[in-house]
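Peer 1: This is the structure I want to talk about, given as structure tokens.
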Amino acid sequence: MAGEKEIKEIYDNGMKILEELTSNAYEIQEQMLEEILIRNAGTEYLSRFFVHGQNHKQNFKANVPIVTYEDIKPYIDRIANGETSSILFADPITQFIQSTGTSGGKPKLIPMTAESFEKRMVKPLLVDLVMKKCISGLDQGKSFYLFFVKPEMETPSGLMASLYTTSYFKTQIFKNGLAKFCTSPIDTILCLDNKQSMYCQLLTGLLLRDEVVRIGSSFASVLARSIKFLEDYWKELCSNIRTGFLSDWIADPACRNAMSSILTRPEPELADLIQQICEDKSWEGIIKELWPEVKCISSIVTGSMSQYIPLLEFYGGGIPLVSPNCGSSEACFGINLKPLSKPFDVSYTILPNMAYFEFLPVNNDGGGKSREFKLRGASATESSESTNETTTVNKPVDLANVKIGRYYEVVVTTLAGLYRYRVGDVLKVTGFYNKSPQFQFVERQNVVLSIDLDKTTEVDLSKAITKAKLVLEPLGIMLTTYSSYADTSLTPGRYVLFWELKMKGSNDLPKLDAKIMEECCGIVEESFDFTYKSLRKGGVISALELRVVKHGTFDELMDFYVSKGASISQYKPPCCLKSEEAVKILNLGMVGTFFSPKTMF
Ligand code: AMP
């Protein structure tokens with residue numbers, strides 16, 4: 001699957017392929033599981049759970065435990081250190097995909113086979129096809145996508161580990177397919193220096209502004225960062241456009257070479273126009289002004305990325321925001337078949353050929369702590385000595401048995417050696433497209449803040465902040481992004497929130513009224529759960545603190561994580577900080593600190 005013929009086949013027949021996949025979702029899932037088990041029943045990992053006399057599927061459902069990354073890490077480490085990959089999967093593992101791990105976790109190494117990599121490459125083409133079908137004019141221009149790569153790493157076994165996107169951007173299917181419709185030359189995308197890459201991609205996007213019909217990035221955080229970069233560099237970009245010369249600090253030879261065929265002559269009129277637009281104090285609607293033909297902004301804006309919706313709506317000036325797909329390094333879950341649905345209404349449709357999916361029921365609001373199924377383990381029968389898998393009370397259901405309105409944590413069995421693996425994401429089933437479930441992305445199901453017995457999840461935090469920021473909206477104040485940490489340097493400890501605030505019409509820092517900010521702290525605490533409130537009442541946790549930071553502080557945080565090896569293109573701002581250095585960076589941008597009223601509880 002690399003040639004132009006296959007790409008054409010998807011563009012010609014993609015909608016039919018989607019219909020077939022979704023109409024036969026159950027059968028495809030069953031066949032896929034069967035195939036995975038037939039091929040891999042004899043592997044060291046699976047054979048431990050297979051009892052003679054039972055068929056593969058019986059064995060699988062009854063005995064194979066539900067695991068987290070930590071459970072299979074010993075196997076992955078052995079493969080990374082040079083043992084044969086057949087301990088986990090019959091087909092050879094050809095590379096590892098690194099998960100970004102910027103949301104508090106460490107990067108994981110996800111095994112990948114040639115077949116599973118190839119299968120996945122079809123997804124971006126299907127996403128593109130659906131968007132082009134649903135948004136008129138999208139096939140009549142170029143996409144200004146901001147894409148970035150991260151250096152690959154060689155494991156002791158010689159297998160390479162890289163981000164999925166980094167590997168993907170190097171494939172023929174990308175070069176022959178989507179890249180042809182992108183403004184950014186491949187060499188600027190593949191440049192390992194993110195700053196040079198960003199500069200060249202923005203410069204190209206500006207030079208080709210009349211051709212641009214779509215602007216985007218994988219995650220909304222990247223687009224927000226790119227707009228901040230434009231704020232910092234538009235004068236220099238205009239100067240390059242005016243003179244026709246690329247700045248000297250763009251030293252990467254491949255970037256310079258690629259730009260030489262795009263920045264070919266002085267364009268003073270274009271430079272004047274861009275300058276005039278960027279000089280405006282308010283950048284409201286700037287995307288529409290800079291790229292007048294843009295039909296949509298394509299970037300993941302669900303889950304933790306929803307915090308960027310107000311910002312992108314502000315800069316977009318009414319251009320629809322499209323959240324195209326949902327997935328992880330482990331597997332692609334689904335794509336958005338209604339790209340024009342409002343960001344908070346987005347549902348993704350499961351692609352049943354991407355993995356074998358199971359769904360662990362979680363409690364009714366998708367978050368919180370009552371969802372206490374014991375981790376790791378599928379049935380109440382077996383547990384293994386070699387891992388610390390335990391049993392669970394909640395049984396997973398398969399794709400055919402999910403119920404509309406219910407919340408589930410997604411569990412995948414992949415074509416590359418993950419068996420009943422908890423990805424950690426919670427989805428809410430919203431309907432079906434043919435036989436394929438559709439879901440809203442709820443949140444990553446992890447505890448982010450904890451003091452004593454309290455465990456506050458990402459969902460709890462985001463819900464609380466969503467409520468509190470409503471107080472600021474009538475004042476024209478925008479919360480552009482947030483983070484938090486548990487400050488236990490004093491006893492009792494407290495939760496600290498960092499909020500980056502700006503005025504709606506400009507990047508100016510809002511006037512902060514202590515009373516209003518304290519009210520926000522109160523609303524956050526009020527919406528935390530019973531455990532938090534009783535610990536707070538009992539003096540085990542002290543009053544919540546809110547530190548307001550100035551515009552651009554979170555970009556410095558992103559730069560910090562990128563300098564530590566995070567990928568810019570898959571960057572997700574950590575909703576909770578674990579590193580002291582990160583806390584220091586945000587503290588440096590602090591312009592005000594507020595506390596919840598002491599007498600609140
Ligand atoms: P990574 O494996 O590093 O690419 O990160 C994948 C994670 O990004 C997923 O497990 C989700 O938590 C998050 N993610 C991916 N797609 C979406 C989406 N459409 N909406 C919200 N979060 C997403």
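Numbering starts fresh at 1 for the residues of each chain in the structure tokens, the chains themselves are lettered A, B, ... in the order given, and ligands are numbered from 1 as they appear.
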Give me the chain A side of the contact with ligand 1, cut-off 9 Å, one line per residue showing its nearest atom pair and distance in Å at one decimal, counting only C-alpha atoms and all ligand atoms, sorted by chain and residue number, as a tab-separated table.

Peer 2:
```
residue	atom	partner	partner_atom_place_in_ligand_line	distance
A:Ile97	CA	ligand 1	2 (O)	8.5
A:Gln98	CA	ligand 1	3 (O)	7.1
A:Ser99	CA	ligand 1	3 (O)	3.8
A:Thr100	CA	ligand 1	3 (O)	3.6
A:Gly101	CA	ligand 1	3 (O)	5.7
A:Thr102	CA	ligand 1	3 (O)	7.6
A:Ser103	CA	ligand 1	12 (O)	8.5
A:Pro107	CA	ligand 1	3 (O)	7.7
A:Lys108	CA	ligand 1	2 (O)	8.4
A:Ile110	CA	ligand 1	2 (O)	9.0
A:Leu163	CA	ligand 1	4 (O)	7.8
A:Tyr164	CA	ligand 1	4 (O)	7.5
A:Thr165	CA	ligand 1	4 (O)	8.6
A:Ser218	CA	ligand 1	16 (N)	8.8
A:Phe219	CA	ligand 1	17 (C)	8.0
A:Ser299	CA	ligand 1	19 (N)	8.6
A:Ile300	CA	ligand 1	19 (N)	5.1
A:Val301	CA	ligand 1	20 (N)	6.2
A:Thr302	CA	ligand 1	20 (N)	4.1
A:Gly303	CA	ligand 1	21 (C)	4.0
A:Ser304	CA	ligand 1	21 (C)	6.1
A:Met305	CA	ligand 1	21 (C)	6.2
A:Ser306	CA	ligand 1	21 (C)	8.0
A:Ser323	CA	ligand 1	19 (N)	6.6
A:Pro324	CA	ligand 1	19 (N)	7.1
A:Asn325	CA	ligand 1	19 (N)	5.1
A:Cys326	CA	ligand 1	19 (N)	3.5
A:Gly327	CA	ligand 1	16 (N)	4.5
A:Ser328	CA	ligand 1	6 (C)	3.6
A:Ser329	CA	ligand 1	2 (O)	3.7
A:Glu330	CA	ligand 1	2 (O)	6.4
A:Ala331	CA	ligand 1	2 (O)	8.3
A:Cys332	CA	ligand 1	16 (N)	8.4
A:Phe333	CA	ligand 1	16 (N)	8.3
A:Gly334	CA	ligand 1	19 (N)	8.4
A:Ile335	CA	ligand 1	19 (N)	8.3
A:Asn336	CA	ligand 1	19 (N)	8.9
A:Val346	CA	ligand 1	19 (N)	9.0
A:Tyr348	CA	ligand 1	19 (N)	7.9
A:Val423	CA	ligand 1	10 (O)	6.1
A:Gly424	CA	ligand 1	10 (O)	6.5
A:Asp425	CA	ligand 1	12 (O)	5.5
A:Val426	CA	ligand 1	12 (O)	8.5
A:Gln440	CA	ligand 1	20 (N)	8.4
A:Phe441	CA	ligand 1	20 (N)	5.6
A:Val442	CA	ligand 1	21 (C)	7.5
A:Glu443	CA	ligand 1	12 (O)	6.7
A:Arg444	CA	ligand 1	12 (O)	5.1
A:Gln445	CA	ligand 1	12 (O)	8.6
A:Ser567	CA	ligand 1	3 (O)	8.7
A:Gln570	CA	ligand 1	4 (O)	6.0
A:Tyr571	CA	ligand 1	3 (O)	7.9
A:Lys572	CA	ligand 1	8 (O)	7.6
```

Peer 1: Which residues are close to Leu246 in chain A, i.e. within 8 Å by only C-alpha atoms, leaving aside same-chain residues fewer than 2 positions away? Reply as a PyMOL selection string.

Peer 2: chain A and resi 240+244+248+250+256+259+263

Peer 1: Using only all heavy atoms, please write the residues we just selected to a file, as an mmCIF file, in the first residue's frame.

Peer 2:
```
data_model
loop_
_atom_site.group_PDB
_atom_site.id
_atom_site.type_symbol
_atom_site.label_atom_id
_atom_site.label_comp_id
_atom_site.auth_asym_id
_atom_site.auth_seq_id
_atom_site.Cartn_x
_atom_site.Cartn_y
_atom_site.Cartn_z
ATOM 1 N N ASN A 240 10.870 38.933 5.234
ATOM 2 C CA ASN A 240 11.317 37.918 4.265
ATOM 3 C C ASN A 240 10.484 37.985 2.979
ATOM 4 O O ASN A 240 11.005 37.880 1.875
ATOM 5 C CB ASN A 240 11.193 36.499 4.845
ATOM 6 C CG ASN A 240 12.241 36.160 5.893
ATOM 7 O OD1 ASN A 240 12.348 35.033 6.326
ATOM 8 N ND2 ASN A 240 13.028 37.124 6.329
ATOM 9 N N GLY A 244 12.230 38.907 -0.319
ATOM 10 C CA GLY A 244 12.451 37.678 -1.081
ATOM 11 C C GLY A 244 13.629 36.868 -0.540
ATOM 12 O O GLY A 244 14.043 35.883 -1.157
ATOM 13 N N ASP A 248 18.602 34.397 7.851
ATOM 14 C CA ASP A 248 19.843 33.597 7.916
ATOM 15 C C ASP A 248 19.777 32.468 8.939
ATOM 16 O O ASP A 248 20.440 31.450 8.787
ATOM 17 C CB ASP A 248 21.027 34.501 8.311
ATOM 18 C CG ASP A 248 21.410 35.392 7.141
ATOM 19 O OD1 ASP A 248 21.029 35.036 6.000
ATOM 20 O OD2 ASP A 248 22.060 36.429 7.381
ATOM 21 N N ILE A 250 17.624 30.407 9.484
ATOM 22 C CA ILE A 250 17.113 29.138 8.932
ATOM 23 C C ILE A 250 18.319 28.475 8.270
ATOM 24 O O ILE A 250 18.679 28.775 7.120
ATOM 25 C CB ILE A 250 15.977 29.367 7.913
ATOM 26 C CG1 ILE A 250 14.840 30.197 8.527
ATOM 27 C CG2 ILE A 250 15.442 28.047 7.361
ATOM 28 C CD1 ILE A 250 14.107 29.557 9.697
ATOM 29 N N ARG A 256 16.186 25.280 3.635
ATOM 30 C CA ARG A 256 16.586 26.403 2.763
ATOM 31 C C ARG A 256 16.317 26.037 1.303
ATOM 32 O O ARG A 256 15.793 26.822 0.528
ATOM 33 C CB ARG A 256 18.072 26.759 2.962
ATOM 34 C CG ARG A 256 18.356 27.488 4.260
ATOM 35 C CD ARG A 256 19.648 28.308 4.186
ATOM 36 N NE ARG A 256 19.451 29.574 3.497
ATOM 37 C CZ ARG A 256 19.015 30.685 4.077
ATOM 38 N NH1 ARG A 256 18.740 30.706 5.366
ATOM 39 N NH2 ARG A 256 18.851 31.790 3.377
ATOM 40 N N MET A 259 12.628 26.045 0.597
ATOM 41 C CA MET A 259 12.054 27.398 0.575
ATOM 42 C C MET A 259 12.503 28.173 -0.662
ATOM 43 O O MET A 259 11.814 29.107 -1.084
ATOM 44 C CB MET A 259 12.445 28.169 1.849
ATOM 45 C CG MET A 259 11.830 27.623 3.130
ATOM 46 S SD MET A 259 10.045 27.396 3.077
ATOM 47 C CE MET A 259 9.483 29.090 2.962
ATOM 48 N N LEU A 263 9.949 30.896 -1.920
ATOM 49 C CA LEU A 263 10.257 32.321 -1.726
ATOM 50 C C LEU A 263 11.201 32.715 -2.866
ATOM 51 O O LEU A 263 12.425 32.701 -2.726
ATOM 52 C CB LEU A 263 10.940 32.497 -0.352
ATOM 53 C CG LEU A 263 11.250 33.907 0.096
ATOM 54 C CD1 LEU A 263 9.980 34.723 0.298
ATOM 55 C CD2 LEU A 263 12.032 33.879 1.422
#
```

Peer 1: Mind checking DSSP for range 177-237 of chain A and telling me the helix (DSSP H, G or I) residues as a ChimeraX atom specification?

Peer 2: /A:178-181,186-189,194-207,209-211,220-237

Peer 1: Can you work out which one of A:Gly317, A:Met558, A:Ser226, A:Asn257 has the shortest atom-to-atom distance to Asp187 in chain A, counting only C-alpha atoms?

Peer 2: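 Of all the options, A:Asn257 lies closest to Asp187 in chain A.
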
Peer 1: Show which residues sit within 12 Å of His52 in chain A, as a compact mmCIF listing (two decimals) with C-alpha atoms, in the first residue's frame. Count only C-alpha atoms, and ignore same-chain residues fewer than 6 positions away.

Peer 2:
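Saved file part-v7.txt follows:
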```txt
# COMPACT_ATOMS: atom_id res chain seq x y z
CA ALA A 41 -2.13 -18.43 20.38
CA GLY A 42 1.30 -20.02 20.55
CA GLN A 58 -13.45 -18.96 24.79
CA ASN A 59 -9.91 -18.87 26.10
```

Peer 1: Residues at most 9 Å from Glu525 in chain A, counting only C-alpha atoms, excluding those fewer than 3 positions away in the same chain, as a ChimeraX atom specification?

Peer 2: /A:464,520-522,528-529,532-533,543-544,596,600

Peer 1: Have a look at A:Val213, A:Ile477, A:Cys576, A:Met32 and name the one nearest to Asp139 in chain A; count only C-alpha atoms.

Peer 2: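 Comparing A:Val213, A:Ile477, A:Cys576, A:Met32 against Asp139 in chain A, the winner is A:Val213.
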
Peer 1: Between A:Lys5, A:Gly417, A:Asp559, A:Lys598, which residue has the minimum interatomic distance to Lys195 in chain A, considering only C-alpha atoms?

Peer 2: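 Of A:Lys5, A:Gly417, A:Asp559, A:Lys598, the one nearest Lys195 in chain A, counting only C-alpha atoms, is A:Asp559.
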
Peer 1: In Å, how far is it from CA of Ile87 in chain A to CA of Glu35 in chain A?

Peer 2: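 Rounded to one decimal, the two atoms are 17.4 Å apart.
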
Peer 1: Pull the strand (DSSP E) assignments for range 142-207 of chain A out of DSSP run on the backbone, and list those residues as a ChimeraX atom specification.

Peer 2: /A:142-146,153-154,160-162

Peer 1: Would you mind telling me which residue in A:Ser563, A:Thr456, A:Ser542, A:Ser261 lies nearest to Pro151 in chain A when using only C-alpha atoms?

Peer 2: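 Smallest distance to Pro151 in chain A is found for A:Ser563.
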
Peer 1: Within 9 Å of Ser86 in chain A, counting only C-alpha atoms, which residues show up once you throw out same-chain ones fewer than 6 positions away? Write them as a ChimeraX atom specification, please.

Peer 2: /A:40,43-44,79,92-93

Peer 1: Those same residues - N, CA and C atoms - I'd like them written as a compact mmCIF listing (two decimals), in the first residue's frame.

Peer 2:
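Here's the written file result-v6.txt:
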```txt
# COMPACT_ATOMS: atom_id res chain seq x y z
N ASN A 40 -1.58 -16.10 16.91
CA ASN A 40 -0.73 -15.78 18.06
C ASN A 40 -0.94 -16.62 19.31
N THR A 43 2.16 -17.81 21.13
CA THR A 43 3.21 -16.91 21.63
C THR A 43 3.37 -17.09 23.14
N GLU A 44 4.55 -16.74 23.60
CA GLU A 44 4.82 -16.91 25.04
C GLU A 44 3.77 -16.17 25.87
N ILE A 79 11.84 -7.23 24.06
CA ILE A 79 11.95 -7.11 22.60
C ILE A 79 12.86 -5.94 22.25
N PRO A 92 6.77 -10.47 12.66
CA PRO A 92 7.85 -9.67 13.24
C PRO A 92 7.42 -8.24 13.54
N ILE A 93 7.83 -7.76 14.69
CA ILE A 93 7.60 -6.36 15.03
C ILE A 93 8.68 -5.54 14.32
```

Peer 1: Which residues are near His56 in chain A? Cut-off 12 Å, only C-alpha atoms, ignore same chain within fewer than 4 positions. Put them as JSON, numbers by chain.

Peer 2: {"A": [30, 33, 34, 35, 36, 37, 38, 39, 40, 41, 42, 46, 47, 49, 50, 51, 52, 60, 61, 62, 63, 64]}

Peer 1: Mind writing the picked residues with N, CA, C and O atoms as an mmCIF file, in the first residue's frame?

Peer 2:
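Below is the file that was written, result.cif:
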```
data_model
loop_
_atom_site.group_PDB
_atom_site.id
_atom_site.type_symbol
_atom_site.label_atom_id
_atom_site.label_comp_id
_atom_site.auth_asym_id
_atom_site.auth_seq_id
_atom_site.Cartn_x
_atom_site.Cartn_y
_atom_site.Cartn_z
ATOM 1 N N GLU A 30 -15.287 -9.887 14.756
ATOM 2 C CA GLU A 30 -15.128 -11.302 15.109
ATOM 3 C C GLU A 30 -14.024 -11.947 14.280
ATOM 4 O O GLU A 30 -13.184 -12.686 14.801
ATOM 5 N N LEU A 33 -10.618 -10.816 15.534
ATOM 6 C CA LEU A 33 -10.180 -11.480 16.771
ATOM 7 C C LEU A 33 -9.735 -12.909 16.457
ATOM 8 O O LEU A 33 -8.679 -13.356 16.909
ATOM 9 N N GLU A 34 -10.542 -13.582 15.671
ATOM 10 C CA GLU A 34 -10.225 -14.966 15.297
ATOM 11 C C GLU A 34 -8.824 -15.038 14.680
ATOM 12 O O GLU A 34 -7.996 -15.858 15.066
ATOM 13 N N GLU A 35 -8.611 -14.157 13.749
ATOM 14 C CA GLU A 35 -7.340 -14.160 13.021
ATOM 15 C C GLU A 35 -6.156 -13.878 13.956
ATOM 16 O O GLU A 35 -5.137 -14.556 13.924
ATOM 17 N N ILE A 36 -6.345 -12.896 14.820
ATOM 18 C CA ILE A 36 -5.259 -12.545 15.751
ATOM 19 C C ILE A 36 -4.957 -13.747 16.648
ATOM 20 O O ILE A 36 -3.804 -14.091 16.886
ATOM 21 N N LEU A 37 -6.017 -14.414 17.103
ATOM 22 C CA LEU A 37 -5.799 -15.519 18.033
ATOM 23 C C LEU A 37 -5.203 -16.735 17.339
ATOM 24 O O LEU A 37 -4.304 -17.382 17.882
ATOM 25 N N ILE A 38 -5.684 -17.039 16.148
ATOM 26 C CA ILE A 38 -5.112 -18.193 15.424
ATOM 27 C C ILE A 38 -3.618 -17.980 15.230
ATOM 28 O O ILE A 38 -2.802 -18.843 15.488
ATOM 29 N N ARG A 39 -3.279 -16.768 14.831
ATOM 30 C CA ARG A 39 -1.867 -16.508 14.538
ATOM 31 C C ARG A 39 -1.001 -16.508 15.793
ATOM 32 O O ARG A 39 0.160 -16.849 15.755
ATOM 33 N N ASN A 40 -1.585 -16.097 16.912
ATOM 34 C CA ASN A 40 -0.725 -15.782 18.060
ATOM 35 C C ASN A 40 -0.939 -16.623 19.310
ATOM 36 O O ASN A 40 -0.310 -16.373 20.334
ATOM 37 N N ALA A 41 -1.833 -17.627 19.190
ATOM 38 C CA ALA A 41 -2.128 -18.430 20.384
ATOM 39 C C ALA A 41 -0.867 -19.067 20.962
ATOM 40 O O ALA A 41 -0.757 -19.305 22.162
ATOM 41 N N GLY A 42 0.104 -19.331 20.089
ATOM 42 C CA GLY A 42 1.302 -20.021 20.553
ATOM 43 C C GLY A 42 2.381 -19.098 21.116
ATOM 44 O O GLY A 42 3.447 -19.566 21.544
ATOM 45 N N LEU A 46 0.530 -15.221 25.097
ATOM 46 C CA LEU A 46 -0.854 -15.709 25.097
ATOM 47 C C LEU A 46 -0.974 -17.151 25.571
ATOM 48 O O LEU A 46 -1.957 -17.514 26.213
ATOM 49 N N SER A 47 0.026 -17.962 25.254
ATOM 50 C CA SER A 47 -0.127 -19.401 25.524
ATOM 51 C C SER A 47 -0.351 -19.668 27.020
ATOM 52 O O SER A 47 -0.997 -20.643 27.385
ATOM 53 N N PHE A 49 -2.331 -18.330 28.896
ATOM 54 C CA PHE A 49 -3.741 -18.183 29.279
ATOM 55 C C PHE A 49 -4.640 -19.152 28.530
ATOM 56 O O PHE A 49 -5.849 -19.147 28.724
ATOM 57 N N PHE A 50 -4.045 -19.927 27.641
ATOM 58 C CA PHE A 50 -4.880 -20.784 26.806
ATOM 59 C C PHE A 50 -4.952 -22.192 27.373
ATOM 60 O O PHE A 50 -3.945 -22.867 27.520
ATOM 61 N N VAL A 51 -6.176 -22.601 27.685
ATOM 62 C CA VAL A 51 -6.387 -23.915 28.277
ATOM 63 C C VAL A 51 -6.752 -24.875 27.145
ATOM 64 O O VAL A 51 -7.589 -24.544 26.304
ATOM 65 N N HIS A 52 -6.112 -26.068 27.173
ATOM 66 C CA HIS A 52 -6.418 -27.056 26.141
ATOM 67 C C HIS A 52 -7.887 -27.419 26.151
ATOM 68 O O HIS A 52 -8.500 -27.476 27.209
ATOM 69 N N PHE A 60 -9.850 -16.681 25.185
ATOM 70 C CA PHE A 60 -9.565 -15.244 25.211
ATOM 71 C C PHE A 60 -10.482 -14.542 26.210
ATOM 72 O O PHE A 60 -10.033 -13.830 27.108
ATOM 73 N N LYS A 61 -11.782 -14.784 26.049
ATOM 74 C CA LYS A 61 -12.741 -14.043 26.886
ATOM 75 C C LYS A 61 -12.645 -14.473 28.349
ATOM 76 O O LYS A 61 -12.862 -13.672 29.254
ATOM 77 N N ALA A 62 -12.337 -15.763 28.556
ATOM 78 C CA ALA A 62 -12.356 -16.228 29.944
ATOM 79 C C ALA A 62 -11.037 -15.973 30.657
ATOM 80 O O ALA A 62 -11.030 -15.696 31.854
ATOM 81 N N ASN A 63 -9.951 -16.067 29.945
ATOM 82 C CA ASN A 63 -8.669 -16.134 30.657
ATOM 83 C C ASN A 63 -7.679 -15.014 30.412
ATOM 84 O O ASN A 63 -6.798 -14.790 31.239
ATOM 85 N N VAL A 64 -7.756 -14.391 29.264
ATOM 86 C CA VAL A 64 -6.725 -13.381 28.970
ATOM 87 C C VAL A 64 -7.030 -12.122 29.790
ATOM 88 O O VAL A 64 -8.146 -11.593 29.726
#
```

Peer 1: Find the residues around Gly589 in chain A up to 12 Å (only C-alpha atoms counted), leave out those fewer than 4 positions away in its own chain, and share them as JSON, numbers by chain.

Peer 2: {"A": [498, 499, 500, 501, 509, 547, 548, 549, 550, 551, 552, 553, 554, 555, 556, 557, 582, 583, 584, 585, 593]}
